[in-house]
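Undergrad: Below: one structure in structure tokens.
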Number of protein chains: 2
Amino acid sequence: MTDALDTGTIDDFYAIIPAGGAGTRLWPLSRQGAPKFLHDLTGSGQTLIQATLARLAPLARGSVLVTGEKHVAACRAQLPQLSDADVLAEPLPRDSMAAIGLAAAVLQQRHGDVVVGSFAADHVISGTAAFENAVREAVAAAREGYVVTIGIAASRPSVAFGYVRSGASLGIAGAPTGLHALGFTEKPDAVTARDYVASGDYRWNAGMFVVRTSVLLGHLATLRPALHAGLVEIAAAWDSDTRTEVVNRVWPGLEKIAIDHAIAEPVAAEGGVAVIPGTFGWDDIGDFNSLAALLPSVDDTGNKVVGDGSEVVRIEAGGTVVVPASGRVITLLGVDDLVVVDTPDALLVTTRSRAQQVKTVVDEVRQAGFVELL
Amino acid sequence: MTDALDTGTIDDFYAIIPAGGAGTRLWPLSRQGAPKFLHDLTGSGQTLIQATLARLAPLARGSVLVTGEKHVAACRAQLPQLSDADVLAEPLPRDSMAAIGLAAAVLQQRHGDVVVGSFAADHVISGTAAFENAVREAVAAAREGYVVTIGIAASRPSVAFGYVRSGASLGIAGAPTGLHALGFTEKPDAVTARDYVASGDYRWNAGMFVVRTSVLLGHLATLRPALHAGLVEIAAAWDSDTRTEVVNRVWPGLEKIAIDHAIAEPVAAEGGVAVIPGTFGWDDIGDFNSLAALLPSVDDTGNKVVGDGSEVVRIEAGGTVVVPASGRVITLLGVDDLVVVDTPDALLVTTRSRAQQVKTVVDEVRQAGFVELL
């Protein structure tokens, strides 16, 4: 089964968009009640989740969103093209394996054995054609029974990402660049990351998984039988009157585990994972410093603004990252490499080099009792 | 004429409080519409103008405020103890000589030849007893016909203040520490300031002048006859039905000149100025860095907060000056020696070493068209 042309919808392909995670290191812009996927961080005119769906809609026969119950209303307001059936609400967070497994099981229930691709709602991707090519190759490899990940060409030895190591060619006609995946690694230290990138065999693991529903659920039945049984029971009831009863009874008891640990790593060890090299730009915008790298400068001293640059008055300031999200005017005099995030009820001032540690600020704000700011 | 005891009201002494100046280097806390004298910058529980009046009220028979028409309502709200007659409104700013000269002429009109003392509304003073002693000595010297200034013991070679140079003892019984003033200097460079302080003959010129009304107006008649004539004409009409007509006709044409240049410097050259050494703490709070020097640290890393310290969450931050004046929570991570001033419509982020240059921010804000923020 192949596509007649390398454009247009892929008939047997459905997109899964897990939308979770508070984006704590992007506080106070990103909050528990308004996580980063609901924000237009790059000034594209679309929020991250809108851009994610817009990127996948031309490729997929359908798209399913999996998110927490408390985010359903905001997601649906931003994504009016989704129907009731396209939004799967989790009563409690149970990590990515339960979220993606539920969506896969529901889609198999509705459409039979199809290929699904899971793409996080809060990543930034540039280069549409390269992305689409990678997805088409991934679908082709998935049809052959692989769990397929897209490995991003590492443009720098980042210690903020995990890596996937590749081996020999898959030898699949529809996936000419596809390689066997030899394994996954956690975020490395700087020396290891440099070795990875120098070797040419390691790519960033962007957490994108493309797989036939029957293959995914089969691996799950073998590797996590209890989780599999729970998800299949919920999926069977999803489009029926018993959904609420079954979800409330079964979901809270599901194992909390990431799909990487539950499926990708053990299956890679058995030779069942493929990697498609992705040459498009990708970032998970982990913090304000990585966000800055994606933004153009607003002047010749390297200042970046998330939002309206006319609201930021800069005098002898360089390399700053400013988020004017309160409507107030922000003025900077003689400061370099600062991060200033201005929201209606909380202000953060830190440095780009400390941006990864913003979680400690959130912890301290919680400690100080300002729970309404979390 | 001497006082029986060194406590209580001085019968022939009236205080003049000129309240002007926007305090541009304290923007965005200090604004054209809410200058620094209307703010409680030191956390004392009183605004600067409230503290100024409270400091003088026990000493003076009466106090007169001179301020711009647009600040009258705010001043009267903060100073309910002042009567209509105690507030002199200037239709336009005409610098300190016109303001103080008007008050002196009005007070002479009302009370005859009395001693007046002019004390700016936006200075910070600590050490009440030392201040009162200095004022009592100054009044005694003023009664003998001197223009008397209070010279502040220079605790450091500041380049932000002007200096007054002193000579031999006055030899006046009621002013035992009083000295002849040999002259005034503008703000010196650092080397000169060090020489001044080392010599022991130079004190900070705090702009406090104590003088008999007849002496002040006599000098003015000689040195600035047109200004003197205008002020006398206005004062004669002040407590009558013709005040508005006369003020509107005469005030706009008055010369704009500081009392230092109009009176203090030329009279000092003739030997008519005395200086009383003041040993109390004094600052004119020119900028956020000098404000910081007056505040206690809120922690053991030298952070200073103007306002409620519980609204500032600090992690590995040191030496900062934070003004939480918007009700929002301010969080700092890994930053040192920053100045962060948070108001409802404008935010300033700079460094303590740049605090003197905040005026350039105000210029830029005006340039950018945000006139409502000035």
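To be explicit about the labels: the chains of the structure tokens are called A, B, and onward in the order shown, and within each one the residues are counted from 1, while ligands get numbers from 1 in the order they are shown.
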So which residues touch segment 298-309 of chain A within 9 Å, counting only C-alpha atoms, skipping near sequence neighbours fewer than 2 positions away, as a PyMOL selection string?
TA: chain A and resi 40-43+291-293+295-296+311-314+316-325+336-337
Undergrad: Within 9 Å of segment 113-129 of chain A, which residues of segment 137-196 of chain A come that close, and what is the closest atom pair and distance in Å for each? Count only C-alpha atoms and give it as a tab-separated table.
TA:
residue	atom	partner	partner_atom	distance
A:Ala138	CA	A:Gly117	CA	8.7
A:Val139	CA	A:Val115	CA	6.7
A:Ala142	CA	A:Val115	CA	6.8
A:Arg143	CA	A:Val115	CA	7.0
A:Val148	CA	A:Gly117	CA	8.9
Undergrad: Set the cut-off to 8 Å and count only C-alpha atoms: what are the residues of chain B that reach chain A? Output as a PyMOL selection string.
TA: chain B and resi 313+315+327-335+344-351+354+358+361+364-365+368
Undergrad: Here is a test: counting only C-alpha atoms, which residue of A:Ile17, A:Ala154, A:Val147, A:Ala181 is nearest to Ala51 of chain A?
TA: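 Among the listed residues, A:Ile17 lies closest to Ala51 of chain A.
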Undergrad: From a backbone DSSP assignment, name each residue in segment 175-362 of chain B labelled helix (DSSP H, G or I), as a VMD selection string.
TA: chain B and resid 190 to 199 213 to 223 225 to 238 243 to 253 259 to 269 288 to 294 309 to 311 352 to 362
Undergrad: For C-alpha atoms, I'd like the residues from the last selection saved as a PDB file, in the first residue's frame.
TA:
ATOM      1  CA  ALA B 190      35.411  62.868  42.382  1.00  0.00           C
ATOM      2  CA  VAL B 191      38.930  64.167  43.080  1.00  0.00           C
ATOM      3  CA  THR B 192      37.664  67.589  44.136  1.00  0.00           C
ATOM      4  CA  ALA B 193      34.987  65.983  46.303  1.00  0.00           C
ATOM      5  CA  ARG B 194      37.658  63.933  48.073  1.00  0.00           C
ATOM      6  CA  ASP B 195      39.716  67.074  48.703  1.00  0.00           C
ATOM      7  CA  TYR B 196      36.628  68.879  50.021  1.00  0.00           C
ATOM      8  CA  VAL B 197      35.811  66.143  52.515  1.00  0.00           C
ATOM      9  CA  ALA B 198      39.453  65.757  53.585  1.00  0.00           C
ATOM     10  CA  SER B 199      39.754  69.487  54.284  1.00  0.00           C
ATOM     11  CA  THR B 213      11.956  87.992  55.733  1.00  0.00           C
ATOM     12  CA  SER B 214      13.184  91.576  55.768  1.00  0.00           C
ATOM     13  CA  VAL B 215      16.756  90.411  55.151  1.00  0.00           C
ATOM     14  CA  LEU B 216      15.759  88.094  52.300  1.00  0.00           C
ATOM     15  CA  LEU B 217      13.559  90.679  50.631  1.00  0.00           C
ATOM     16  CA  GLY B 218      16.213  93.353  51.169  1.00  0.00           C
ATOM     17  CA  HIS B 219      18.852  91.273  49.385  1.00  0.00           C
ATOM     18  CA  LEU B 220      16.345  90.513  46.649  1.00  0.00           C
ATOM     19  CA  ALA B 221      15.529  94.195  46.192  1.00  0.00           C
ATOM     20  CA  THR B 222      19.221  94.901  45.700  1.00  0.00           C
ATOM     21  CA  LEU B 223      20.178  91.857  43.630  1.00  0.00           C
ATOM     22  CA  PRO B 225      14.906  94.263  41.787  1.00  0.00           C
ATOM     23  CA  ALA B 226      12.386  93.225  39.106  1.00  0.00           C
ATOM     24  CA  LEU B 227      11.776  89.869  40.737  1.00  0.00           C
ATOM     25  CA  HIS B 228      11.476  91.589  44.128  1.00  0.00           C
ATOM     26  CA  ALA B 229       8.927  94.078  42.793  1.00  0.00           C
ATOM     27  CA  GLY B 230       6.837  91.333  41.232  1.00  0.00           C
ATOM     28  CA  LEU B 231       6.829  89.208  44.375  1.00  0.00           C
ATOM     29  CA  VAL B 232       5.945  92.147  46.631  1.00  0.00           C
ATOM     30  CA  GLU B 233       3.069  93.099  44.338  1.00  0.00           C
ATOM     31  CA  ILE B 234       1.738  89.548  44.360  1.00  0.00           C
ATOM     32  CA  ALA B 235       2.151  89.204  48.139  1.00  0.00           C
ATOM     33  CA  ALA B 236       0.266  92.446  48.739  1.00  0.00           C
ATOM     34  CA  ALA B 237      -2.671  91.086  46.775  1.00  0.00           C
ATOM     35  CA  TRP B 238      -2.451  87.494  48.011  1.00  0.00           C
ATOM     36  CA  ARG B 243      -5.029  87.789  44.038  1.00  0.00           C
ATOM     37  CA  THR B 244      -6.063  85.944  40.878  1.00  0.00           C
ATOM     38  CA  GLU B 245      -5.806  89.008  38.671  1.00  0.00           C
ATOM     39  CA  VAL B 246      -2.403  90.007  40.032  1.00  0.00           C
ATOM     40  CA  VAL B 247      -0.964  86.487  40.020  1.00  0.00           C
ATOM     41  CA  ASN B 248      -2.103  85.837  36.459  1.00  0.00           C
ATOM     42  CA  ARG B 249      -0.662  89.150  35.308  1.00  0.00           C
ATOM     43  CA  VAL B 250       2.635  89.198  37.207  1.00  0.00           C
ATOM     44  CA  TRP B 251       3.697  85.589  37.956  1.00  0.00           C
ATOM     45  CA  PRO B 252       4.332  84.410  34.370  1.00  0.00           C
ATOM     46  CA  GLY B 253       6.846  87.216  33.834  1.00  0.00           C
ATOM     47  CA  ILE B 259      17.726  80.923  45.371  1.00  0.00           C
ATOM     48  CA  ASP B 260      21.324  79.660  45.438  1.00  0.00           C
ATOM     49  CA  HIS B 261      22.263  81.816  42.455  1.00  0.00           C
ATOM     50  CA  ALA B 262      19.981  84.748  43.222  1.00  0.00           C
ATOM     51  CA  ILE B 263      20.843  85.206  46.908  1.00  0.00           C
ATOM     52  CA  ALA B 264      23.101  82.614  48.557  1.00  0.00           C
ATOM     53  CA  GLU B 265      26.146  82.927  46.319  1.00  0.00           C
ATOM     54  CA  PRO B 266      26.316  86.726  45.949  1.00  0.00           C
ATOM     55  CA  VAL B 267      25.494  87.348  49.622  1.00  0.00           C
ATOM     56  CA  ALA B 268      28.108  84.784  50.710  1.00  0.00           C
ATOM     57  CA  ALA B 269      30.668  86.729  48.691  1.00  0.00           C
ATOM     58  CA  PHE B 288      17.162  54.573  43.072  1.00  0.00           C
ATOM     59  CA  ASN B 289      20.749  53.832  44.034  1.00  0.00           C
ATOM     60  CA  SER B 290      20.850  56.620  46.605  1.00  0.00           C
ATOM     61  CA  LEU B 291      17.420  55.521  47.820  1.00  0.00           C
ATOM     62  CA  ALA B 292      18.828  52.023  48.311  1.00  0.00           C
ATOM     63  CA  ALA B 293      21.527  53.400  50.602  1.00  0.00           C
ATOM     64  CA  LEU B 294      18.803  54.615  52.971  1.00  0.00           C
ATOM     65  CA  GLY B 309       9.033  42.749  50.849  1.00  0.00           C
ATOM     66  CA  SER B 310       6.674  39.781  50.894  1.00  0.00           C
ATOM     67  CA  GLU B 311       5.731  40.615  47.294  1.00  0.00           C
ATOM     68  CA  ARG B 352      22.284  50.381  40.397  1.00  0.00           C
ATOM     69  CA  SER B 353      25.277  51.830  38.555  1.00  0.00           C
ATOM     70  CA  ARG B 354      22.979  53.168  35.819  1.00  0.00           C
ATOM     71  CA  ALA B 355      20.414  54.597  38.234  1.00  0.00           C
ATOM     72  CA  GLN B 356      21.672  58.155  37.660  1.00  0.00           C
ATOM     73  CA  GLN B 357      20.839  57.806  33.956  1.00  0.00           C
ATOM     74  CA  VAL B 358      17.152  56.994  34.330  1.00  0.00           C
ATOM     75  CA  LYS B 359      16.364  60.409  32.892  1.00  0.00           C
ATOM     76  CA  THR B 360      17.428  59.012  29.496  1.00  0.00           C
ATOM     77  CA  VAL B 361      14.713  56.380  29.842  1.00  0.00           C
ATOM     78  CA  VAL B 362      12.133  59.077  30.469  1.00  0.00           C
TER      79      VAL B 362
END
Undergrad: Need the shell around Leu170 of chain A: protein/DNA/RNA residues with any atom at most 10 Å away, counting only C-alpha atoms. Skip same-chain ones fewer than 3 positions apart. Format as a list in words?
TA: Ala141, Tyr146, Gly167, Ala173, Ala175, Pro176, Thr177, Gly178, Leu179, His180, Ala181, Ala274, Val275 and Ile276 of chain A
Undergrad: Using atom CA of Arg31 of chain A and atom CA of Thr52 of chain A as the two end points, give the distance in Å to one decimal.
TA: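 Taking atom CA of Arg31 of chain A as the start and atom CA of Thr52 of chain A as the end point, the length is 19.6 Å.
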